[in-house]
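**Student:** Just dropping this structure here.
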Amino acid sequence: MWEQVRRPCGRDIGNANLSGVARRLPAHDAARGEAVEVRIADQSVRAFAHESIAAAAFASGARVLSRSLKYHRPRTFFCLEGHCSGCLVRLGGVPNLRACQSPCSAGAEVEGQNAFPSAEVDLLGAVDFLFSRGLDHHTLMTGSSVLNRLANKVVRQLSGLGKLPASAPSELPDVAERNIDVCVIGGGPAGLAAATACAHRGRRTLLVDDQLRPGGSLRTDPRAGRDHAEEIWANTQHAGVEVLPRSTAIGFFPEDDGGVVAIAAPDQLYRVHARAWIWATGGYVVNLPFIENDRPGVIAARAVGRLLVDHGILAGDKICIVQVPQVAEDAEALATALAAAGAEVARVDLANTFGARGRSWVSGIDTTQGRIDCDLVAVAAIPSPASEGPRQQGCKVVLDPDAGGFRVVVDEHGKTSTQGVWAAGDVTGYMGPQRAAADGARVGANVAASLD
Amino acid sequence: MAGKILLCRCEDVTLADLEHCVSRGYRDIEEVKRYTGFGTGPCQGKECLAPVATQLARLTSKAPAEIRPFTSRPPLAPTPIKVLARAPDAHRFEDEGGAAPVEEASTKPRSDEGP
């Protein structure tokens, strides 16, 4: 049983005991694709072909998807971009799949995981209360060897992620090779622009994107909009770029045939050789440090934007945005769009925020100005550069809190410290969709020219 | 108000855990990772590396540029094992009926391993 929250009729949505309900906006109905039925925790849920399982579950009131590893705190998605661990579910008997990157195909069977007896009511959540001040496993029950062995057994039962699949896969995916001029990793504004620029200059170009549909942060920004993302993606395909959607660059293997990047698609492994690499992986949404910042209902502002822009789902009725000054402009654009869609929106700076209220779902934010009641908290932090791929290729990075984290160091052309490896957009420091697109086009042209 | 401030939600590592870790003398990011387990869950540091590094710089009074990230290793994202099953090395393992030959590790230092 997942938590089902019904919209209360004629009651004050500000009541702290009630959770609001996300709702699909009629203006978006034409873009949802055909209606399908999926099964979530043994309940039939109406969904649409272009929605992810996570979006459909959220819109239908299924909230808590799993439990955390140690304290068994309730979890739901935070990022909605396939990078956090909040929406891991068992799908068709396979554990640890991301609900936000799984399409709603008819008849899909989804179960929560990591909880007993269910994600909604998890008796193991008692750990959270018993160790309210934290739990140091290095010194837990280490006084007696007998107790220690017992404690180890118990802990191994409690922790761990998911249960093994019911059966072995019937077919093993093939391995494909790609030998190309330019491999662009990341299909957001920078990556799409860079790949298009390379293809226009006659370079054989491969674009790898890990989302259900390429577009990256374009699909989260109300100033750009879904149609704009679709148009940019179509342009990239028309330019002759080979696009691998739902595919992730999982590692660089320098010893292998002069250097190979392995790309994992849902049913295919690619070994890619390229003359030049462009990392346009953008930035990961991160949380901000306030008390109880992991309550379900505290989600990334970009996820709230993605629900609105890409899915036509208004995530809450009373939304409080917790922001840092560096992204105040983005937060304001989101707030304006949410208000236009019918939500009541408040914004508060992190510096004035104490913490979140609520247990199974967030109910408010305590600030220096008092309590703000809300049914959703959107966290607007500086995205953290997705630089682990470039780091594997030996590229220099530097911790720059104003750029969001470990940014890739590039010269004025977009070159990294490693020969043949380039970077564009937010991975070099946060710049936002518009400037990232311009950066991608510029670096793409430089890369194409470097291969003459 | 009381409660936890989570830095790493995969492994439930709190700000208090990080402070405790630093107070016990673990001040390097690789040490902090091994002590607290942050960055070792399904997100592999995507959500927590930057916040932990930033807090660590504050707690140890180091300049941010002095903090190096932990070593990044494949796979960068959770990958179904079936996708890797037919990779060339897996074939070799199968064909030779034994362990695959151990390849010499790259001796080139990585920039993220620090000085």
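Just so we're on the same page: first chain in the structure tokens is A, next is B, and so on; residues restart at 1 for each chain, and ligands are numbered from 1 in the order they show up.
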Within 7 Å of chain B, which residues of chain A show up when using only C-alpha atoms, listed as a count of residues only?

**Tutor:** 41

**Student:** Write out as a compact mmCIF listing (two decimals) with C-alpha atoms, in the first residue's frame the set of residues from region 163-194 of chain A that DSSP, computed on the backbone, places in strand (DSSP E).

**Tutor:**
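states.txt, freshly written:
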```txt
# COMPACT_ATOMS: atom_id res chain seq x y z
CA ASP A 174 24.53 -7.19 -27.41
CA VAL A 175 27.67 -5.11 -27.41
CA ALA A 176 27.92 -2.54 -30.21
CA GLU A 177 30.92 -0.50 -31.33
CA ARG A 178 30.90 3.12 -32.49
CA ASN A 179 33.88 4.79 -34.11
CA ILE A 180 33.14 8.45 -34.64
CA ASP A 181 34.64 11.92 -34.79
CA VAL A 182 32.90 13.55 -31.84
CA CYS A 183 31.07 12.04 -28.88
CA VAL A 184 28.92 14.51 -26.95
CA ILE A 185 27.84 13.35 -23.50
```

**Student:** Kindly indicate which residue among A:Gln237, A:Thr428, A:Ser144, A:Asn152 lies nearest to Ala403 (chain A), using only C-alpha atoms for the distances.

**Tutor:** A:Thr428

**Student:** Mind checking which residues fall within 7 Å of Ala229 (chain A), counting only C-alpha atoms, ignoring those fewer than 6 positions away in the same chain, and posting them as a list in words?

**Tutor:**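 Counting only C-alpha atoms, the residues come to Gly215, Leu218 and Arg219 of chain A.
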
**Student:** Atoms to include: N, CA and C atoms. Write the selected residues as a PDB file, in the first residue's frame.

**Tutor:**
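Okay, this is what ended up in out.pdb:
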```pdb
ATOM      1  N   GLY A 215      16.861  16.982 -23.818  1.00  0.00           N
ATOM      2  CA  GLY A 215      16.415  18.361 -23.594  1.00  0.00           C
ATOM      3  C   GLY A 215      16.962  18.920 -22.294  1.00  0.00           C
ATOM      4  N   LEU A 218      16.233  22.346 -20.363  1.00  0.00           N
ATOM      5  CA  LEU A 218      15.233  23.058 -21.170  1.00  0.00           C
ATOM      6  C   LEU A 218      13.825  22.601 -20.790  1.00  0.00           C
ATOM      7  N   ARG A 219      13.718  21.330 -20.375  1.00  0.00           N
ATOM      8  CA  ARG A 219      12.413  20.784 -20.016  1.00  0.00           C
ATOM      9  C   ARG A 219      11.980  21.162 -18.596  1.00  0.00           C
TER      10      ARG A 219
END
```

**Student:** Here is a test: counting only C-alpha atoms, which residue of A:Val379, A:Val362, A:Ala239, A:Leu308 is nearest to Asn287 (chain A)?

**Tutor:**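 The closest residue to Asn287 (chain A) is A:Val379.
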
**Student:** How many Å lie between CA of Ser52 (chain A) and CA of Pro74 (chain A), rounded to one decimal?

**Tutor:** 20.5 Å

**Student:** Determine the nearest neighbour of Arg32 (chain A) from the options A:Glu412, A:Asp310, A:Glu230, A:Glu109, counting only C-alpha atoms.

**Tutor:** A:Asp310

**Student:** Between CA of Val146 (chain A) and CA of Tyr26 (chain B), what is the distance in Å, rounded to a tenth?

**Tutor:** 28.7 Å

**Student:** Please return as a VMD selection string: the residues of region 259-430 of chain A that backbone DSSP assigns to alpha helix (DSSP H).

**Tutor:** chain A and resid 301 to 309 328 to 340 388 to 392

**Student:** So that I have them on file, write out the residues from the current selection with C-alpha atoms, as a CSV table (one decimal), in the first residue's frame.

**Tutor:**
```
chain,number,residue,atom,x,y,z
A,301,ALA,CA,13.0,23.2,-7.7
A,302,ARG,CA,14.1,21.9,-11.1
A,303,ALA,CA,11.9,18.8,-10.5
A,304,VAL,CA,8.9,21.1,-9.7
A,305,GLY,CA,9.8,22.9,-13.0
A,306,ARG,CA,10.0,19.6,-14.9
A,307,LEU,CA,6.6,18.5,-13.6
A,308,LEU,CA,5.1,21.8,-14.7
A,309,VAL,CA,6.9,22.3,-18.0
A,328,ALA,CA,17.2,33.8,-7.3
A,329,GLU,CA,16.4,34.7,-10.9
A,330,ASP,CA,15.6,31.1,-11.9
A,331,ALA,CA,13.5,30.7,-8.7
A,332,GLU,CA,11.6,33.8,-9.5
A,333,ALA,CA,10.8,32.6,-13.0
A,334,LEU,CA,9.6,29.3,-11.6
A,335,ALA,CA,7.5,31.0,-8.9
A,336,THR,CA,5.8,33.2,-11.6
A,337,ALA,CA,5.0,30.2,-13.7
A,338,LEU,CA,3.6,28.2,-10.7
A,339,ALA,CA,1.5,31.1,-9.6
A,340,ALA,CA,0.1,31.5,-13.2
A,388,GLU,CA,32.9,12.6,-12.6
A,389,GLY,CA,33.2,11.5,-16.3
A,390,PRO,CA,35.8,14.2,-17.1
A,391,ARG,CA,37.6,13.3,-13.9
A,392,GLN,CA,38.0,9.8,-15.1
```

**Student:** So which one's closest to His273 (chain A), A:Arg223, A:Arg204, A:His228, A:Lys153? Using only C-alpha atoms, please.

**Tutor:**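 Among the listed residues, A:Arg204 lies closest to His273 (chain A).
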
**Student:** If you measure from CA of Ser23 (chain B) to CA of Gly143 (chain A), what distance in Å do you get, rounded to one decimal?

**Tutor:**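 Computing it gives 21.6 Å between the two atoms.
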